[in-house]
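Chemist: Below you'll find the structure I mean.
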Amino acid sequence: MDLTHRPRRLRQDRVRGLVSETSLEPADLIAPVFVDATTDERRPIETMPGHERVPIDEAVARVEEVLETGVEAVMLFGIPESKDPEGTRAWAADGVVQEATRRITAETDAYVITDVCLCEYTDHGHCGPLEEELRGEDVTEGGPACDPIRTVDNDATLEALDRIAVSHAEAGADMIAPSGMMDGMVAAIREGLDREGFEHVPIMSYAAKYESAFYGPFRDAADGAPAFGDRRHYQMDPANAREAMREVRLDVEQGADVLMVKPALPYLDIVADLRREFDHPVAAYNVSGEYAMLQAAAEKGWLDLEDVAHESLLSIKRAGADLILTYFAEDVAAALSS
Ligand code: PBG
């Protein structure tokens, strides 16, 4: 055979590393941590093997476990001791995330990112206070018949997000990550942080967050499923890609520092589009359903968990993500450093 081009030449073991286009490092990863104010012991999350909700007293110990693997950043989610229609525990100075943040930043070197949203704090489970005509209705069971576009009061939510972000920054959060997909959320939070002297605190916006069925296990983990309806009137339609660019552009105009796509694997085209269109760091959230399906297949012996986890994260980086928020963070980082 007279073959000039033989790509296999560069696949030999001693040269593979030299020509590798993508690398994965523990420093690229962010580990989600669930802090639960309703419990005083660690509780495994059934739908997410290997993860648990930890009480506030265990938050520092939990974060130290993460740091031992080489991962340097955590994303905190809180489960409050009580919920109400406005989600007032979300901005309480002694709230679960605020308290955990104070302790973690005082006692560890972790870079602490906080999720800013209301769905874990409202009794109806939506990502903000409801529109006026719904207030006082029984929205906890089944829900009222309503125009789904009019459930969450966007502009009232912005005021709450401003308060939540400031309360997290006051507790010591290093970065604020709004995930509610409200119009204007980045501007509202930037304004709040700057007003209170936190102009150095960056915002990682869940800029293109889709209304995805892959969030199922998380909603069990964080107890944040909507009691009625769904989130399709604020989260994006999985059918749309150009709309993601529009969403992201708005967040950039409002001052977002890091742009996130969520979920990751089913939306790698969006990650790649974002990488091409913007110069900001791009983050991707490898969500609970992406984690759970690999865990389930591995449990059956159908996939090798360590290999598929590594390949999944590598794919997300190859598509253009600089940082990855993933439930595999600790396992993959530990494997990388061993
Ligand atoms: C809340 C929030 C959700 C996730 C992160 N923040 C759930 C939702 O929007 O319903 C999902 C994360 C995951 O599935 O891993 N706004």
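Ligands are numbered from 1 in the order shown, residues from 1 within each chain, and chains are lettered A, B, ... in the order they appear in the structure tokens.
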Hey, which residues sit close to ligand 1? Say within 8 Å, counting only C-alpha atoms and all ligand atoms, and write them as number ranges by chain.
Modeler: A: 77, 115-120, 127, 178-180, 209, 211-212, 214-219, 224-226, 231, 235, 263, 285-289, 326-327
Chemist: How would the residues just chosen look if you wrote them out with N, CA and C atoms as an mmCIF file, in the first residue's frame?
Modeler:
```cif
data_model
loop_
_atom_site.group_PDB
_atom_site.id
_atom_site.type_symbol
_atom_site.label_atom_id
_atom_site.label_comp_id
_atom_site.auth_asym_id
_atom_site.auth_seq_id
_atom_site.Cartn_x
_atom_site.Cartn_y
_atom_site.Cartn_z
ATOM 1 N N PHE A 77 -25.576 24.308 47.631
ATOM 2 C CA PHE A 77 -27.032 24.334 47.546
ATOM 3 C C PHE A 77 -27.569 24.153 48.952
ATOM 4 N N ASP A 115 -25.301 28.914 44.827
ATOM 5 C CA ASP A 115 -26.435 28.900 43.915
ATOM 6 C C ASP A 115 -27.445 29.921 44.432
ATOM 7 N N VAL A 116 -27.851 30.825 43.560
ATOM 8 C CA VAL A 116 -28.841 31.822 43.954
ATOM 9 C C VAL A 116 -30.134 31.550 43.206
ATOM 10 N N CYS A 117 -31.079 30.963 43.937
ATOM 11 C CA CYS A 117 -32.390 30.686 43.351
ATOM 12 C C CYS A 117 -33.384 30.525 44.486
ATOM 13 N N LEU A 118 -34.658 30.521 44.160
ATOM 14 C CA LEU A 118 -35.677 30.451 45.210
ATOM 15 C C LEU A 118 -36.409 29.114 45.276
ATOM 16 N N CYS A 119 -36.174 28.228 44.318
ATOM 17 C CA CYS A 119 -37.043 27.043 44.252
ATOM 18 C C CYS A 119 -36.920 26.116 45.461
ATOM 19 N N GLU A 120 -35.763 26.121 46.134
ATOM 20 C CA GLU A 120 -35.646 25.267 47.317
ATOM 21 C C GLU A 120 -36.282 25.939 48.544
ATOM 22 N N CYS A 127 -39.297 29.162 41.072
ATOM 23 C CA CYS A 127 -38.048 29.895 41.275
ATOM 24 C C CYS A 127 -38.235 31.373 41.621
ATOM 25 N N PRO A 178 -26.486 32.757 39.831
ATOM 26 C CA PRO A 178 -27.947 32.758 39.723
ATOM 27 C C PRO A 178 -28.443 31.730 38.709
ATOM 28 N N SER A 179 -29.417 30.893 39.136
ATOM 29 C CA SER A 179 -29.859 29.788 38.277
ATOM 30 C C SER A 179 -31.335 29.843 37.925
ATOM 31 N N GLY A 180 -32.000 30.967 38.209
ATOM 32 C CA GLY A 180 -33.454 30.982 38.060
ATOM 33 C C GLY A 180 -33.992 31.362 36.694
ATOM 34 N N LYS A 209 -29.967 27.980 30.425
ATOM 35 C CA LYS A 209 -30.427 26.838 31.225
ATOM 36 C C LYS A 209 -31.733 26.342 30.624
ATOM 37 N N GLU A 211 -35.098 23.809 30.092
ATOM 38 C CA GLU A 211 -36.141 23.138 30.871
ATOM 39 C C GLU A 211 -35.974 21.649 30.590
ATOM 40 N N SER A 212 -35.195 21.002 31.435
ATOM 41 C CA SER A 212 -34.692 19.672 31.119
ATOM 42 C C SER A 212 -35.229 18.606 32.057
ATOM 43 N N PHE A 214 -33.514 16.119 32.698
ATOM 44 C CA PHE A 214 -32.310 15.592 33.355
ATOM 45 C C PHE A 214 -32.095 16.151 34.765
ATOM 46 N N TYR A 215 -32.973 17.050 35.233
ATOM 47 C CA TYR A 215 -32.816 17.581 36.595
ATOM 48 C C TYR A 215 -33.530 16.728 37.645
ATOM 49 N N GLY A 216 -34.200 15.667 37.198
ATOM 50 C CA GLY A 216 -35.027 14.865 38.108
ATOM 51 C C GLY A 216 -34.346 14.501 39.425
ATOM 52 N N PRO A 217 -33.175 13.863 39.389
ATOM 53 C CA PRO A 217 -32.547 13.437 40.650
ATOM 54 C C PRO A 217 -32.202 14.614 41.569
ATOM 55 N N PHE A 218 -31.829 15.752 40.996
ATOM 56 C CA PHE A 218 -31.500 16.934 41.810
ATOM 57 C C PHE A 218 -32.715 17.406 42.588
ATOM 58 N N ARG A 219 -33.863 17.341 41.939
ATOM 59 C CA ARG A 219 -35.057 17.854 42.615
ATOM 60 C C ARG A 219 -35.390 17.009 43.838
ATOM 61 N N GLY A 224 -36.690 20.412 45.588
ATOM 62 C CA GLY A 224 -37.096 21.644 44.915
ATOM 63 C C GLY A 224 -37.998 21.443 43.702
ATOM 64 N N ALA A 225 -38.751 20.365 43.686
ATOM 65 C CA ALA A 225 -39.642 20.165 42.541
ATOM 66 C C ALA A 225 -40.817 21.132 42.633
ATOM 67 N N PRO A 226 -41.265 21.695 41.506
ATOM 68 C CA PRO A 226 -42.431 22.576 41.580
ATOM 69 C C PRO A 226 -43.672 21.779 41.977
ATOM 70 N N ARG A 231 -41.332 24.339 34.676
ATOM 71 C CA ARG A 231 -40.540 25.557 34.597
ATOM 72 C C ARG A 231 -40.365 26.054 33.157
ATOM 73 N N GLN A 235 -37.384 28.537 32.106
ATOM 74 C CA GLN A 235 -36.205 27.871 31.544
ATOM 75 C C GLN A 235 -36.406 27.672 30.032
ATOM 76 N N PRO A 263 -28.292 21.612 30.849
ATOM 77 C CA PRO A 263 -27.307 20.579 31.128
ATOM 78 C C PRO A 263 -26.115 20.638 30.169
ATOM 79 N N TYR A 285 -22.703 22.612 33.146
ATOM 80 C CA TYR A 285 -23.198 21.876 34.304
ATOM 81 C C TYR A 285 -23.629 20.480 33.863
ATOM 82 N N ASN A 286 -22.779 19.520 34.220
ATOM 83 C CA ASN A 286 -23.052 18.104 33.986
ATOM 84 C C ASN A 286 -24.047 17.683 35.089
ATOM 85 N N VAL A 287 -25.341 17.679 34.761
ATOM 86 C CA VAL A 287 -26.368 17.685 35.810
ATOM 87 C C VAL A 287 -26.663 16.309 36.405
ATOM 88 N N SER A 288 -27.567 16.324 37.390
ATOM 89 C CA SER A 288 -27.867 15.126 38.163
ATOM 90 C C SER A 288 -28.292 13.944 37.295
ATOM 91 N N GLY A 289 -29.109 14.187 36.271
ATOM 92 C CA GLY A 289 -29.573 13.086 35.418
ATOM 93 C C GLY A 289 -28.444 12.487 34.600
ATOM 94 N N THR A 326 -19.782 19.325 38.232
ATOM 95 C CA THR A 326 -20.166 17.929 38.049
ATOM 96 C C THR A 326 -20.142 17.134 39.347
ATOM 97 N N TYR A 327 -21.082 16.189 39.467
ATOM 98 C CA TYR A 327 -21.128 15.286 40.615
ATOM 99 C C TYR A 327 -19.998 14.259 40.551
#
```
Chemist: Please provide as a list in words all residues within 8 Å of Val60 (chain A), with the sequence filter that same-chain residues fewer than 6 positions apart are discarded (counting only C-alpha atoms).
Modeler: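 Contacts, in chain order: Ala100, Arg103, Ile104, Glu107 and Thr108 of chain A.
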Chemist: Looking at only C-alpha atoms, which of A:Arg232, A:Arg135, A:Asp220, A:Asp269 is the one that sits closest to Met48 (chain A)?
Modeler: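 Ranked by minimum distance to Met48 (chain A), first place goes to A:Asp220.
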Chemist: Pick out the residues sitting within 8 Å of region 49-51 of chain A, and hand them over as a list in words; count only C-alpha atoms, and ignore anything fewer than 2 positions along from it in its own chain.
Modeler: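 After dropping sequence-adjacent residues, the list is Pro44, Ile45, Glu46, Thr47, Arg53, Ala292, Gln295 and Tyr327 of chain A.
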Chemist: Give me every alpha helix (DSSP H) residue in region 5-143 of chain A, going by DSSP on the backbone, as a PyMOL selection string.
Modeler: chain A and resi 13-19+59-68+96-107
Chemist: Tell me, in Å to one decimal, how far CA of Ala156 (chain A) is from CA of Met182 (chain A).
Modeler: 10.2 Å
Chemist: As a ChimeraX atom specification, list the residues of region 11-220 of chain A assigned to strand (DSSP E) by DSSP on the backbone atoms of this structure.
Modeler: /A:29-36,43-44,52-54,73-79,111-116,175-178,204-209
Chemist: With C-alpha atoms retained, could you export that selection as an mmCIF file, in the first residue's frame?
Modeler:
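The result, written out as part.cif:
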```cif
data_model
loop_
_atom_site.group_PDB
_atom_site.id
_atom_site.type_symbol
_atom_site.label_atom_id
_atom_site.label_comp_id
_atom_site.auth_asym_id
_atom_site.auth_seq_id
_atom_site.Cartn_x
_atom_site.Cartn_y
_atom_site.Cartn_z
ATOM 1 C CA LEU A 29 -13.900 21.082 38.255
ATOM 2 C CA ILE A 30 -16.503 22.375 40.691
ATOM 3 C CA ALA A 31 -18.152 19.975 43.148
ATOM 4 C CA PRO A 32 -21.800 20.516 44.163
ATOM 5 C CA VAL A 33 -22.398 20.269 47.927
ATOM 6 C CA PHE A 34 -25.838 20.021 49.550
ATOM 7 C CA VAL A 35 -26.265 21.498 53.009
ATOM 8 C CA ASP A 36 -29.470 20.587 54.794
ATOM 9 C CA ARG A 43 -28.234 11.608 54.588
ATOM 10 C CA PRO A 44 -27.402 9.755 51.382
ATOM 11 C CA GLU A 52 -25.367 13.156 50.495
ATOM 12 C CA ARG A 53 -27.072 16.064 52.150
ATOM 13 C CA VAL A 54 -25.012 17.167 55.098
ATOM 14 C CA ALA A 73 -14.160 24.925 44.191
ATOM 15 C CA VAL A 74 -17.574 23.973 45.534
ATOM 16 C CA MET A 75 -21.089 25.025 44.590
ATOM 17 C CA LEU A 76 -23.356 25.232 47.631
ATOM 18 C CA PHE A 77 -27.032 24.334 47.546
ATOM 19 C CA GLY A 78 -29.169 24.765 50.627
ATOM 20 C CA ILE A 79 -32.204 22.969 51.975
ATOM 21 C CA TYR A 111 -13.457 28.708 46.521
ATOM 22 C CA VAL A 112 -17.117 28.988 47.467
ATOM 23 C CA ILE A 113 -19.731 29.536 44.776
ATOM 24 C CA THR A 114 -23.347 29.828 45.884
ATOM 25 C CA ASP A 115 -26.435 28.900 43.915
ATOM 26 C CA VAL A 116 -28.841 31.822 43.954
ATOM 27 C CA MET A 175 -18.759 33.850 43.473
ATOM 28 C CA ILE A 176 -22.505 34.125 42.938
ATOM 29 C CA ALA A 177 -24.349 31.816 40.547
ATOM 30 C CA PRO A 178 -27.947 32.758 39.723
ATOM 31 C CA MET A 204 -21.435 33.021 37.033
ATOM 32 C CA SER A 205 -24.740 33.123 35.234
ATOM 33 C CA TYR A 206 -26.689 30.028 34.330
ATOM 34 C CA ALA A 207 -27.077 31.873 31.053
ATOM 35 C CA ALA A 208 -28.522 29.119 28.902
ATOM 36 C CA LYS A 209 -30.427 26.838 31.225
#
```
Chemist: Quick one: residues within 12 Å of Ser167 (chain A), only C-alpha atoms counted, chain neighbours fewer than 5 positions away excluded, as JSON, numbers by chain?
Modeler: {"A": [88, 89, 90, 91, 92, 93, 94, 95, 96, 97, 98, 99, 101, 102, 114, 116, 160, 161, 162, 172, 173, 176, 189, 192, 193, 196, 198]}
Chemist: Deliver the residues from the most recent selection as a file, using C-alpha atoms, as a tab-separated table (two decimals), in the first residue's frame.
Modeler:
```tsv
chain	number	residue	atom	x	y	z
A	88	THR	CA	-37.77	34.32	52.76
A	89	ARG	CA	-35.26	31.83	54.23
A	90	ALA	CA	-33.22	32.29	51.05
A	91	TRP	CA	-31.90	35.68	52.16
A	92	ALA	CA	-31.87	35.20	55.94
A	93	ALA	CA	-28.52	36.14	57.47
A	94	ASP	CA	-28.73	32.93	59.52
A	95	GLY	CA	-29.96	30.87	56.54
A	96	VAL	CA	-28.47	27.51	55.66
A	97	VAL	CA	-26.22	28.66	52.80
A	98	GLN	CA	-25.15	31.82	54.65
A	99	GLU	CA	-24.18	29.85	57.76
A	101	THR	CA	-20.56	29.74	53.70
A	102	ARG	CA	-19.33	31.55	56.82
A	114	THR	CA	-23.35	29.83	45.88
A	116	VAL	CA	-28.84	31.82	43.95
A	160	ALA	CA	-35.35	38.80	46.07
A	161	LEU	CA	-32.31	37.74	44.02
A	162	ASP	CA	-30.57	41.02	44.84
A	172	GLY	CA	-18.17	35.39	52.39
A	173	ALA	CA	-19.20	33.75	49.10
A	176	ILE	CA	-22.51	34.13	42.94
A	189	ILE	CA	-27.54	41.04	41.22
A	192	GLY	CA	-26.98	44.81	44.46
A	193	LEU	CA	-23.43	43.53	44.89
A	196	GLU	CA	-23.10	46.93	48.97
A	198	PHE	CA	-19.00	43.62	46.64
```
